[in-house]
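Structure file start_0.tsv with TSV, C-alpha atoms:
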chain	number	residue	atom	x	y	z
N	1230	MET	CA	40.78	1.67	-36.00
N	1231	ASN	CA	43.55	-0.18	-34.17
N	1232	VAL	CA	42.63	-1.48	-30.77
N	1233	THR	CA	44.88	-2.91	-28.08
N	1234	LEU	CA	43.05	-5.68	-26.31
N	1235	LYS	CA	44.56	-6.59	-22.94
N	1236	ILE	CA	43.22	-9.90	-21.72
N	1237	LYS	CA	43.90	-11.45	-18.33
N	1238	ARG	CA	44.88	-14.98	-19.27
N	1239	TYR	CA	45.06	-18.02	-17.03
N	1240	ASN	CA	45.83	-21.60	-17.90
N	1241	PRO	CA	45.51	-23.82	-14.78
N	1242	GLU	CA	47.88	-26.39	-16.32
N	1243	ARG	CA	50.65	-23.84	-16.82
N	1244	ASP	CA	50.14	-20.67	-14.78
N	1245	LEU	CA	50.32	-20.14	-11.05
N	1246	GLU	CA	48.55	-16.78	-11.33
N	1247	PRO	CA	46.54	-14.99	-14.03
N	1248	HIS	CA	48.61	-12.59	-16.14
N	1249	TRP	CA	47.93	-9.90	-18.76
N	1250	GLU	CA	48.58	-10.47	-22.48
N	1251	SER	CA	48.09	-7.82	-25.19
N	1252	TYR	CA	46.71	-8.29	-28.70
N	1253	GLU	CA	46.53	-5.75	-31.53
N	1254	VAL	CA	43.32	-6.02	-33.51
N	1255	GLU	CA	41.59	-4.10	-36.31
N	1256	ALA	CA	38.07	-3.02	-35.43
N	1257	GLU	CA	35.19	-0.83	-36.53
N	1258	PRO	CA	33.85	1.62	-33.95
N	1259	THR	CA	30.53	-0.24	-34.05
N	1260	ASP	CA	32.13	-3.62	-33.38
N	1261	ARG	CA	31.54	-5.14	-29.99
N	1262	VAL	CA	34.17	-6.39	-27.55
N	1263	LEU	CA	32.94	-9.91	-28.30
N	1264	ASP	CA	33.91	-9.41	-31.97
N	1265	LEU	CA	37.46	-8.59	-30.88
N	1266	LEU	CA	37.60	-11.65	-28.64
N	1267	HIS	CA	36.51	-13.71	-31.65
N	1268	GLN	CA	39.26	-12.11	-33.77
N	1269	VAL	CA	41.86	-13.08	-31.20
N	1270	LYS	CA	40.53	-16.60	-30.79
N	1271	TRP	CA	40.01	-17.29	-34.49
N	1272	TYR	CA	43.12	-15.61	-35.95
N	1273	GLN	CA	45.74	-15.11	-33.22
N	1274	ASP	CA	45.42	-17.57	-30.35
N	1275	GLY	CA	42.95	-20.41	-30.50
N	1276	THR	CA	43.55	-21.30	-26.86
N	1277	LEU	CA	41.73	-18.19	-25.62
N	1278	THR	CA	38.77	-19.43	-23.62
N	1279	PHE	CA	35.52	-17.59	-22.94
N	1280	ARG	CA	31.82	-18.33	-22.80
N	1281	ARG	CA	29.27	-16.91	-25.22
N	1282	SER	CA	26.14	-18.15	-26.89
N	1283	CYS	CA	23.55	-15.89	-28.52
N	1284	ALA	CA	25.93	-12.93	-28.86
N	1285	HIS	CA	23.01	-10.48	-28.74
N	1286	GLY	CA	22.58	-9.63	-25.06
N	1287	VAL	CA	19.84	-12.16	-24.43
N	1288	CYS	CA	21.45	-15.34	-23.10
N	1289	GLY	CA	23.72	-13.63	-20.57
N	1290	SER	CA	26.69	-15.94	-21.21
N	1291	ASP	CA	29.47	-13.42	-21.77
N	1292	ALA	CA	29.54	-11.27	-18.64
N	1293	MET	CA	33.13	-10.20	-17.99
N	1294	ILE	CA	35.03	-7.28	-16.52
N	1295	ILE	CA	35.63	-4.86	-19.39
N	1296	ASN	CA	37.56	-1.69	-18.60
N	1297	GLY	CA	37.14	-2.38	-14.90
N	1298	ARG	CA	33.39	-2.98	-14.81
N	1299	ASN	CA	31.10	-5.95	-15.34
N	1300	ARG	CA	29.49	-5.81	-18.79
N	1301	LEU	CA	28.30	-8.13	-21.53
N	1302	ALA	CA	31.02	-8.42	-24.20
N	1303	CYS	CA	28.31	-8.73	-26.85
N	1304	GLU	CA	26.76	-5.37	-25.91
N	1305	TYR	CA	29.75	-3.12	-25.32
N	1306	LEU	CA	30.80	-1.20	-28.43
N	1307	ILE	CA	34.40	-0.33	-29.29
N	1308	LYS	CA	33.53	3.36	-29.77
N	1309	ASP	CA	32.48	3.42	-26.09
N	1310	ALA	CA	35.32	1.20	-24.85
N	1311	GLY	CA	38.19	3.21	-26.41
N	1312	PRO	CA	41.41	2.20	-28.19
N	1313	VAL	CA	42.82	0.29	-25.20
N	1314	ILE	CA	40.46	-2.27	-23.70
N	1315	THR	CA	41.05	-4.52	-20.71
N	1316	VAL	CA	39.12	-7.75	-20.35
N	1317	GLU	CA	39.17	-10.13	-17.40
N	1318	ALA	CA	36.99	-12.77	-15.78
N	1319	ILE	CA	34.23	-11.78	-13.34
N	1320	ILE	CA	35.16	-11.87	-9.64
N	1321	GLY	CA	33.79	-14.11	-6.90
N	1322	LEU	CA	33.32	-17.35	-8.83
N	1323	PRO	CA	36.05	-19.99	-9.27
N	1324	LEU	CA	38.24	-19.21	-12.27
N	1325	VAL	CA	38.44	-22.14	-14.68
N	1326	LYS	CA	40.48	-20.72	-17.56
N	1327	ASP	CA	41.10	-17.26	-19.07
N	1328	LEU	CA	37.66	-15.54	-19.01
N	1329	LEU	CA	35.73	-18.65	-18.04
N	1330	VAL	CA	34.43	-19.09	-14.48
N	1331	ASP	CA	32.59	-21.95	-12.82
N	1332	MET	CA	28.98	-20.73	-12.59
N	1333	GLU	CA	27.85	-23.62	-10.37
N	1334	PRO	CA	27.93	-21.64	-7.04
N	1335	PHE	CA	25.83	-18.94	-8.76
N	1336	TRP	CA	23.27	-21.52	-9.93
N	1337	GLU	CA	23.14	-23.05	-6.45
N	1338	GLN	CA	22.20	-19.65	-4.98
N	1339	TYR	CA	19.67	-19.16	-7.77
N	1340	LYS	CA	18.04	-22.54	-7.15
N	1341	SER	CA	17.87	-21.87	-3.40
N	1342	VAL	CA	15.17	-19.20	-3.91
N	1343	LYS	CA	12.84	-21.60	-5.79
N	1344	PRO	CA	12.70	-19.57	-8.99
N	1345	PHE	CA	9.45	-21.03	-10.31
N	1346	LEU	CA	5.76	-20.36	-9.82
N	1347	VAL	CA	4.08	-22.58	-7.20
N	1348	ASN	CA	0.31	-22.89	-7.28
N	1349	ASP	CA	-1.40	-26.20	-6.63
N	1350	ASP	CA	-4.87	-24.65	-6.25
N	1351	GLU	CA	-7.76	-25.78	-8.43
N	1352	LEU	CA	-7.64	-24.38	-11.94
N	1353	PRO	CA	-10.11	-21.57	-12.74
N	1354	ALA	CA	-13.58	-22.54	-13.98
N	1355	ASP	CA	-12.58	-22.23	-17.63
N	1356	GLY	CA	-9.62	-24.53	-16.94
N	1357	LYS	CA	-7.26	-22.31	-18.91
N	1358	GLU	CA	-5.14	-19.79	-17.07
N	1359	ARG	CA	-4.75	-17.99	-13.75
N	1360	ARG	CA	-5.55	-14.38	-14.55
N	1361	GLN	CA	-4.14	-11.33	-12.84
N	1362	SER	CA	-4.73	-7.62	-13.24
N	1363	PRO	CA	-2.35	-5.43	-15.28
N	1364	ALA	CA	-1.35	-3.75	-12.01
N	1365	ASP	CA	-0.42	-7.10	-10.44
N	1366	ARG	CA	1.52	-8.03	-13.58
N	1367	GLU	CA	3.36	-4.72	-13.49
N	1368	ARG	CA	4.76	-5.48	-10.01
N	1369	TYR	CA	7.26	-8.02	-11.36
N	1370	GLU	CA	7.76	-6.58	-14.84
N	1371	ASP	CA	11.20	-5.20	-13.95
N	1372	THR	CA	12.57	-8.26	-12.15
N	1373	SER	CA	11.23	-10.70	-14.76
N	1374	ARG	CA	13.73	-9.26	-17.27
N	1375	CYS	CA	16.77	-10.86	-15.57
N	1376	ILE	CA	18.91	-12.91	-17.97
N	1377	LEU	CA	21.01	-14.55	-15.23
N	1378	CYS	CA	24.31	-13.27	-16.57
N	1379	ALA	CA	25.71	-12.93	-12.99
N	1380	ALA	CA	27.02	-9.43	-13.74
N	1381	CYS	CA	25.21	-8.05	-10.67
N	1382	THR	CA	26.16	-10.79	-8.20
N	1383	THR	CA	29.83	-10.76	-9.23
N	1384	ALA	CA	29.95	-6.93	-8.99
N	1385	CYS	CA	28.83	-7.06	-5.35
N	1386	PRO	CA	31.65	-6.55	-2.79
N	1387	VAL	CA	29.60	-8.46	-0.19
N	1388	PHE	CA	29.57	-11.48	-2.53
N	1389	TRP	CA	33.30	-11.10	-3.23
N	1390	ALA	CA	33.94	-11.34	0.50
N	1391	ASP	CA	31.58	-14.22	1.20
N	1392	GLN	CA	29.93	-16.40	-1.44
N	1393	SER	CA	27.41	-17.70	1.09
N	1394	TYR	CA	25.51	-14.43	0.47
N	1395	VAL	CA	22.64	-15.35	-1.83
N	1396	GLY	CA	23.49	-12.38	-4.08
N	1397	PRO	CA	21.52	-9.77	-6.02
N	1398	ALA	CA	20.55	-12.02	-8.94
N	1399	ALA	CA	18.93	-14.61	-6.69
N	1400	ILE	CA	17.06	-11.88	-4.77
N	1401	VAL	CA	15.83	-10.34	-8.03
N	1402	ASN	CA	14.47	-13.73	-9.06
N	1403	ALA	CA	12.94	-14.29	-5.63
N	1404	HIS	CA	11.26	-10.86	-5.91
N	1405	ARG	CA	9.78	-11.88	-9.26
N	1406	PHE	CA	7.73	-14.61	-7.55
N	1407	ILE	CA	7.23	-13.00	-4.12
N	1408	VAL	CA	5.16	-10.19	-5.65
N	1409	ASP	CA	3.40	-12.45	-8.16
N	1410	SER	CA	-0.30	-12.55	-7.11
N	1411	ARG	CA	-0.66	-16.11	-8.50
N	1412	ASP	CA	2.08	-17.64	-6.32
N	1413	THR	CA	1.03	-19.50	-3.18
N	1414	ILE	CA	4.29	-19.92	-1.21
N	1415	LYS	CA	5.07	-16.27	-0.49
N	1416	GLN	CA	5.63	-16.99	3.22
N	1417	GLU	CA	8.18	-19.71	2.45
N	1418	ARG	CA	9.95	-17.44	-0.04
N	1419	LEU	CA	10.15	-14.66	2.53
N	1420	GLU	CA	11.59	-17.06	5.10
N	1421	ILE	CA	14.33	-17.99	2.60
N	1422	MET	CA	15.05	-14.30	2.00
N	1423	ALA	CA	15.07	-13.52	5.74
N	1424	ASP	CA	17.98	-15.93	6.25
N	1425	PRO	CA	21.18	-14.26	7.57
N	1426	ASP	CA	22.65	-14.82	4.08
N	1427	GLY	CA	19.59	-13.31	2.42
N	1428	VAL	CA	18.48	-9.72	1.79
N	1429	TRP	CA	19.91	-8.32	5.03
N	1430	ARG	CA	23.45	-8.62	3.72
N	1431	CYS	CA	22.86	-5.99	1.06
N	1432	ARG	CA	24.87	-2.85	1.93
N	1433	THR	CA	23.26	-0.63	-0.73
N	1434	ILE	CA	26.55	-0.28	-2.61
N	1435	PHE	CA	24.74	-0.16	-6.00
N	1436	ASN	CA	27.52	-1.94	-7.94
N	1437	CYS	CA	24.83	-4.43	-8.99
N	1438	VAL	CA	22.60	-1.70	-10.42
N	1439	GLU	CA	25.48	-0.19	-12.38
N	1440	ALA	CA	26.51	-3.60	-13.74
N	1441	CYS	CA	23.09	-4.89	-14.83
N	1442	PRO	CA	22.90	-4.99	-18.65
N	1443	ARG	CA	19.08	-4.95	-18.46
N	1444	ASP	CA	18.95	-1.87	-16.21
N	1445	ILE	CA	16.93	-3.73	-13.61
N	1446	LYS	CA	16.38	-1.67	-10.46
N	1447	ILE	CA	18.03	-4.33	-8.33
N	1448	THR	CA	18.46	-2.46	-5.06
N	1449	ARG	CA	14.84	-1.36	-5.26
N	1450	ALA	CA	13.81	-5.03	-5.61
N	1451	ILE	CA	16.01	-5.97	-2.64
N	1452	MET	CA	14.47	-3.21	-0.49
N	1453	GLU	CA	10.97	-4.26	-1.56
N	1454	VAL	CA	11.66	-7.85	-0.49
N	1455	ALA	CA	13.02	-6.55	2.85
N	1456	GLY	CA	9.81	-4.52	3.25
N	1457	GLU	CA	7.68	-7.59	2.50
N	1458	ILE	CA	9.61	-9.55	5.16
N	1459	GLY	CA	8.94	-6.78	7.69
N	1460	ARG	CA	5.25	-6.50	6.88
N	1461	ALA	CA	4.80	-10.30	7.05
N	1462	GLY	CA	6.56	-10.40	10.42
N	1463	VAL	CA	8.96	-13.12	9.24
N	1464	ARG	CA	11.93	-13.74	11.55
K	944	MET	CA	40.90	4.21	-13.72
K	945	ILE	CA	40.84	3.76	-9.94
K	946	THR	CA	40.11	0.19	-8.91
K	947	LEU	CA	39.35	-1.46	-5.61
K	948	PHE	CA	39.73	-5.24	-5.31
K	949	GLY	CA	40.25	-5.33	-9.09
K	950	TYR	CA	36.98	-3.52	-9.88
K	951	ARG	CA	36.55	0.06	-11.05
K	952	ILE	CA	35.32	2.07	-8.12
K	953	SER	CA	32.07	4.01	-8.44
K	954	TRP	CA	30.75	6.98	-6.47
K	955	ALA	CA	28.18	4.78	-4.77
K	956	GLN	CA	30.87	2.30	-3.74
K	957	LEU	CA	33.06	5.14	-2.47
K	958	ALA	CA	30.09	6.43	-0.48
K	959	GLN	CA	29.71	3.06	1.23
K	960	LEU	CA	33.45	2.80	1.85
K	961	GLY	CA	33.41	6.32	3.32
K	962	HIS	CA	30.50	5.32	5.54
K	963	ARG	CA	32.47	2.38	6.93
K	964	ALA	CA	35.69	4.36	7.34
K	965	SER	CA	33.95	7.30	9.05
K	966	GLY	CA	32.04	4.92	11.33
K	967	LEU	CA	35.23	3.16	12.39
K	968	GLY	CA	36.98	6.52	12.85
K	969	VAL	CA	34.22	7.79	15.13
K	970	LEU	CA	34.30	4.51	17.07
K	971	LEU	CA	38.07	4.88	17.55
K	972	TYR	CA	37.56	8.42	18.83
K	973	LEU	CA	34.88	7.20	21.22
K	974	PHE	CA	37.34	4.77	22.81
K	975	MET	CA	39.96	7.53	23.07
K	976	HIS	CA	37.37	9.83	24.60
K	977	ILE	CA	36.39	7.23	27.21
K	978	VAL	CA	40.05	6.76	28.19
K	979	GLU	CA	40.58	10.54	28.31
K	980	THR	CA	37.48	11.13	30.44
K	981	SER	CA	38.23	8.23	32.78
K	982	THR	CA	41.43	9.96	33.90
K	983	VAL	CA	39.17	12.10	36.12
K	984	LEU	CA	39.20	9.10	38.49
K	985	PHE	CA	42.85	9.91	39.25
K	986	GLY	CA	42.15	13.49	40.31
K	987	PRO	CA	41.83	16.91	38.69
K	988	ASP	CA	45.56	17.29	37.93
K	989	VAL	CA	45.73	14.09	35.94
K	990	TYR	CA	42.48	14.95	34.14
K	991	ASN	CA	43.66	18.47	33.25
K	992	ALA	CA	46.95	17.06	31.97
K	993	ALA	CA	45.10	14.47	29.85
K	994	VAL	CA	42.73	17.08	28.38
K	995	GLY	CA	45.67	19.42	27.79
K	996	ILE	CA	47.23	16.92	25.37
K	997	PHE	CA	44.49	17.79	22.88
K	998	LYS	CA	44.70	21.59	23.17
K	999	ASN	CA	46.90	22.24	20.15
K	1000	LEU	CA	46.50	22.78	16.43
K	1001	PRO	CA	47.25	19.21	15.19
K	1002	ALA	CA	44.71	17.80	17.65
K	1003	ARG	CA	42.13	20.41	16.62
K	1004	LEU	CA	42.70	19.54	12.96
K	1005	GLY	CA	42.03	15.94	13.94
K	1006	GLU	CA	38.80	17.08	15.58
K	1007	VAL	CA	37.81	18.84	12.36
K	1008	VAL	CA	38.33	15.56	10.50
K	1009	LEU	CA	36.31	13.83	13.23
K	1010	MET	CA	33.49	16.35	12.80
K	1011	ALA	CA	33.52	15.79	9.01
K	1012	ALA	CA	33.33	12.02	9.61
K	1013	LEU	CA	30.40	12.52	12.00
K	1014	VAL	CA	28.49	14.79	9.61
K	1015	TYR	CA	29.10	12.50	6.62
K	1016	HIS	CA	28.23	9.34	8.55
K	1017	ALA	CA	25.01	10.89	9.85
K	1018	LEU	CA	23.86	12.26	6.48
K	1019	ASN	CA	24.80	9.10	4.57
K	1020	GLY	CA	23.07	7.01	7.23
K	1021	LEU	CA	19.90	9.03	6.66
K	1022	ARG	CA	20.26	8.40	2.92
K	1023	VAL	CA	20.47	4.63	3.49
K	1024	ILE	CA	17.57	4.68	5.97
K	1025	ALA	CA	15.43	6.68	3.51
K	1026	MET	CA	16.06	4.07	0.80
K	1027	ASP	CA	15.20	1.31	3.28
K	1028	PHE	CA	11.81	2.86	4.04
K	1029	TRP	CA	11.01	4.06	0.52
K	1030	PRO	CA	12.52	1.62	-2.05
K	1031	SER	CA	11.47	3.88	-4.93
K	1032	LEU	CA	14.14	6.34	-3.77
K	1033	THR	CA	16.87	3.86	-4.77
K	1034	VAL	CA	16.39	5.07	-8.36
K	1035	TYR	CA	17.88	8.39	-7.25
K	1036	TYR	CA	20.94	6.94	-5.51
K	1037	ARG	CA	23.37	8.98	-7.58
K	1038	PRO	CA	21.91	12.46	-6.90
K	1039	MET	CA	21.35	11.44	-3.28
K	1040	THR	CA	25.01	10.44	-2.96
K	1041	TYR	CA	26.16	13.70	-4.55
K	1042	GLY	CA	23.79	15.54	-2.20
K	1043	VAL	CA	25.29	13.89	0.89
K	1044	VAL	CA	28.86	14.70	-0.21
K	1045	SER	CA	27.91	18.30	-1.11
K	1046	ALA	CA	26.02	18.83	2.16
K	1047	THR	CA	29.01	17.50	4.12
K	1048	ILE	CA	31.41	19.87	2.35
K	1049	VAL	CA	29.10	22.88	2.70
K	1050	SER	CA	28.40	22.28	6.40
K	1051	MET	CA	32.10	21.72	7.13
K	1052	ILE	CA	33.03	25.22	5.90
K	1053	PRO	CA	31.45	27.14	8.83
K	1054	LEU	CA	32.18	24.28	11.25
K	1055	SER	CA	35.88	24.32	10.36
K	1056	ILE	CA	36.06	28.11	10.75
K	1057	ILE	CA	34.38	27.95	14.17
K	1058	MET	CA	36.59	25.07	15.35
K	1059	LEU	CA	39.88	26.51	14.08
K	1060	ARG	CA	39.28	30.16	15.01
K	1061	PRO	CA	41.07	29.93	18.39
K	1062	PHE	CA	44.25	28.95	16.54
K	1063	MET	CA	44.05	31.71	13.93
K	1064	PRO	CA	46.03	34.96	14.28
K	1065	TRP	CA	42.76	36.85	14.69
K	1066	GLY	CA	41.22	34.19	16.93
K	1067	ALA	CA	40.38	34.48	20.60
As C-alpha cells, how would this structure be written, given the file I've shared?
Amino acid sequence: MNVTLKIKRYNPERDLEPHWESYEVEAEPTDRVLDLLHQVKWYQDGTLTFRRSCAHGVCGSDAMIINGRNRLACEYLIKDAGPVITVEAIIGLPLVKDLLVDMEPFWEQYKSVKPFLVNDDELPADGKERRQSPADRERYEDTSRCILCAACTTACPVFWADQSYVGPAAIVNAHRFIVDSRDTIKQERLEIMADPDGVWRCRTIFNCVEACPRDIKITRAIMEVAGEIGRAGVR
Amino acid sequence: MITLFGYRISWAQLAQLGHRASGLGVLLYLFMHIVETSTVLFGPDVYNAAVGIFKNLPARLGEVVLMAALVYHALNGLRVIAMDFWPSLTVYYRPMTYGVVSATIVSMIPLSIIMLRPFMPWGA
C-alpha cells in the first residue's frame, strides 16, 4: 500500500520554526512506522534525524507523536495508523533536530527520585539474597516494567506547562522502590515525592496512561504514592 | 483529529478541561452574584433594579448553563476524589468519565425544563 508520511522537520542551522514535509512510501500493512522512517532516511533523505535502538519496543528510544498521540514508532503498525501518517517530536523537551529531543531534563527528573534499591543492612544469614514474599513482589510488578521512553511524561499537560514537575515516569520509578519491602529509605523517597513539584501536581488527566506503551497503570501508581505520603504523615 | 497544544485530545483530557472551565465559570458567577446582592446596601429600589436585569430569557439560559457547569463540576469532582481515595478505581477512568458526562446530561433535562418553564408559552 502507498502511505503518505508527514514528518515535522526542523534543522536548527536552517529553520526558524519546525515545518511539515511529506514523503510517499511503499509499505506492508504489518510494517511499523519505524520501518517507514527508515525508508525515508535510507532512500529519500539521509538528513532525517530520529532516535532508535532495539526497534522492538524494549529500549524506549523512539517515542514520538504519531497521528497526534505519543507512541513508540517501532510498535505502531501501518494497518492501525492508516494511509496518511503524521510524525513529530514529543512535546516538553528541548527539540534538537527533526524528531530528536534532548532527554537530559527527563533524566534529571528520573535521577532525582533515586531510582535504585537502598539497603545497607546486614546480609541475611545465608549471605545470598534479600527474600520477599510473592505478595510483596507483586506490589511493584506493574511499575517495574517502565522502559523510560518518556511517552508518559511528554504526554502530560502539566509537564508541558512546567518542566519542574517531576513527571509521571519519575513517579512510576519512585513507586517501584517505595513499595519494595527490601528498600530502607522509604521515608526519604516519600519526602522527595511530597515536594510541591512531586505527586501533588498530577491532575488526573490520564494522558500518561493512554500514552504508555507498556500499559502501566500510571495514575494508579501516582495515587498510591500520594496515599503512602498521607499515611506516613510526610509534609 | 482534534488537537490541543499539538496533541490529540482524549475524553479524559476533555473531562479535566471541562472541570477547569466549569470551575472558572462558577467562580465568575459567584463574583457577579456578590456584586448583584451587594446592591441591597443602596436600598430596595436599586436592589430590585439589579435583580430585574436577570429576569429575561437570555439570562435564564445563562443560568441553565451555570447549573450544567455546577452539576458537571460537582460530579467530576466526586470522580477525582474517589480515585484519590481508592487508587484501584483509576483503572476505570474511562467508564467513570462517560458516567459523569451522561449523568450531567440526564440530570440537566428535568432541570432545564423546570428552569425554563416560566418563559415557555405554557409556563406560569
request  = Please identify all polymer residues lying at most 12 Å from the point (39.3, 17.3, 17.4) (file coordinates), using all atoms listed in the file, and present the result as a list of chain:residue names.
outcome  = K:Gly968, K:Val969, K:Tyr972, K:Leu973, K:Met975, K:His976, K:Val994, K:Ile996, K:Phe997, K:Lys998, K:Asn999, K:Leu1000, K:Pro1001, K:Ala1002, K:Arg1003, K:Leu1004, K:Gly1005, K:Glu1006, K:Val1007, K:Val1008, K:Leu1009, K:Met1010, K:Ala1011, K:Ala1012, K:Leu1013, K:Leu1054, K:Ser1055, K:Met1058, K:Leu1059
Chain K residues within 10 Å of chain N, counting all atoms listed in the file: which ones, as a PDB file with C-alpha atoms, keeping the file's coordinate frame?
ATOM      1  CA  MET K 944      40.900   4.210 -13.720  1.00  0.00           C
ATOM      2  CA  ILE K 945      40.840   3.760  -9.940  1.00  0.00           C
ATOM      3  CA  THR K 946      40.110   0.190  -8.910  1.00  0.00           C
ATOM      4  CA  LEU K 947      39.350  -1.460  -5.610  1.00  0.00           C
ATOM      5  CA  PHE K 948      39.730  -5.240  -5.310  1.00  0.00           C
ATOM      6  CA  GLY K 949      40.250  -5.330  -9.090  1.00  0.00           C
ATOM      7  CA  TYR K 950      36.980  -3.520  -9.880  1.00  0.00           C
ATOM      8  CA  ARG K 951      36.550   0.060 -11.050  1.00  0.00           C
ATOM      9  CA  ILE K 952      35.320   2.070  -8.120  1.00  0.00           C
ATOM     10  CA  SER K 953      32.070   4.010  -8.440  1.00  0.00           C
ATOM     11  CA  TRP K 954      30.750   6.980  -6.470  1.00  0.00           C
ATOM     12  CA  ALA K 955      28.180   4.780  -4.770  1.00  0.00           C
ATOM     13  CA  GLN K 956      30.870   2.300  -3.740  1.00  0.00           C
ATOM     14  CA  LEU K 957      33.060   5.140  -2.470  1.00  0.00           C
ATOM     15  CA  ALA K 958      30.090   6.430  -0.480  1.00  0.00           C
ATOM     16  CA  GLN K 959      29.710   3.060   1.230  1.00  0.00           C
ATOM     17  CA  LEU K 960      33.450   2.800   1.850  1.00  0.00           C
ATOM     18  CA  VAL K1023      20.470   4.630   3.490  1.00  0.00           C
ATOM     19  CA  MET K1026      16.060   4.070   0.800  1.00  0.00           C
ATOM     20  CA  ASP K1027      15.200   1.310   3.280  1.00  0.00           C
ATOM     21  CA  PHE K1028      11.810   2.860   4.040  1.00  0.00           C
ATOM     22  CA  TRP K1029      11.010   4.060   0.520  1.00  0.00           C
ATOM     23  CA  PRO K1030      12.520   1.620  -2.050  1.00  0.00           C
ATOM     24  CA  SER K1031      11.470   3.880  -4.930  1.00  0.00           C
ATOM     25  CA  LEU K1032      14.140   6.340  -3.770  1.00  0.00           C
ATOM     26  CA  THR K1033      16.870   3.860  -4.770  1.00  0.00           C
ATOM     27  CA  VAL K1034      16.390   5.070  -8.360  1.00  0.00           C
ATOM     28  CA  TYR K1036      20.940   6.940  -5.510  1.00  0.00           C
ATOM     29  CA  ARG K1037      23.370   8.980  -7.580  1.00  0.00           C
TER      30      ARG K1037
END
ask   = Using only C-alpha atoms, which residues sit within 10 Å of Val1330 in chain N once same-chain residues fewer than 2 positions away are excluded, as a list in words?
value = Phe1279, Arg1280, Met1293, Ala1318, Ile1319, Ile1320, Gly1321, Leu1322, Pro1323, Leu1324, Val1325, Lys1326, Asp1327, Leu1328, Met1332 and Glu1333 of chain N
request  = Select, from N:Pro1247, N:Pro1241, N:Gly1396, N:Gly1462, the residue with the minimum atom-to-atom distance to Gln1416 in chain N, counting all atoms listed in the file.
outcome  = N:Gly1462
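CA of Trp1336 in chain N is positioned 14.0 Å from CA of Phe1388 in chain N.
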remark   = From CA of Trp1249 in chain N to CA of Arg1443 in chain N the spacing works out at 29.3 Å
key: Two-atom distance - CA of Ala1399 in chain N, CA of Arg1374 in chain N (Å)   = 12.9 Å
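Between Ser1341 in chain N and the residues N:Ile1421, N:Val1262, N:Cys1288, N:Ala1364, the shortest atom-to-atom distance, using all atoms listed in the file, involves N:Ile1421.
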May I have the residues within 12 Å of Glu1257 in chain N as an mmCIF file with C-alpha atoms, in the coordinates of the input, using all atoms listed in the file and disregarding those fewer than 6 positions away in the same chain?
data_model
loop_
_atom_site.group_PDB
_atom_site.id
_atom_site.type_symbol
_atom_site.label_atom_id
_atom_site.label_comp_id
_atom_site.auth_asym_id
_atom_site.auth_seq_id
_atom_site.Cartn_x
_atom_site.Cartn_y
_atom_site.Cartn_z
ATOM 1 C CA MET N 1230 40.780 1.670 -36.000
ATOM 2 C CA ASN N 1231 43.550 -0.180 -34.170
ATOM 3 C CA VAL N 1232 42.630 -1.480 -30.770
ATOM 4 C CA ASP N 1264 33.910 -9.410 -31.970
ATOM 5 C CA LEU N 1265 37.460 -8.590 -30.880
ATOM 6 C CA LEU N 1306 30.800 -1.200 -28.430
ATOM 7 C CA ILE N 1307 34.400 -0.330 -29.290
ATOM 8 C CA LYS N 1308 33.530 3.360 -29.770
ATOM 9 C CA ASP N 1309 32.480 3.420 -26.090
ATOM 10 C CA ALA N 1310 35.320 1.200 -24.850
ATOM 11 C CA GLY N 1311 38.190 3.210 -26.410
ATOM 12 C CA PRO N 1312 41.410 2.200 -28.190
#
query = With only C-alpha atoms as the basis for distance, which of N:Asp1426, N:Asp1444, N:Glu1358, N:Glu1420 is at the shortest distance from Glu1457 in chain N?
reply = N:Glu1420
Distance criterion (all atoms listed in the file): nearest to Gln1392 in chain N out of N:Pro1334, N:Arg1281, N:Arg1464, N:Trp1271 = N:Pro1334
request  = Name all residues at most 8 Å from Val1463 in chain N (count all atoms listed in the file; drop same-chain ones fewer than 2 positions away) and give them as a list in words.
outcome  = Gln1416, Leu1419, Glu1420, Ala1423, Ile1458, Gly1459, Arg1460 and Ala1461 of chain N
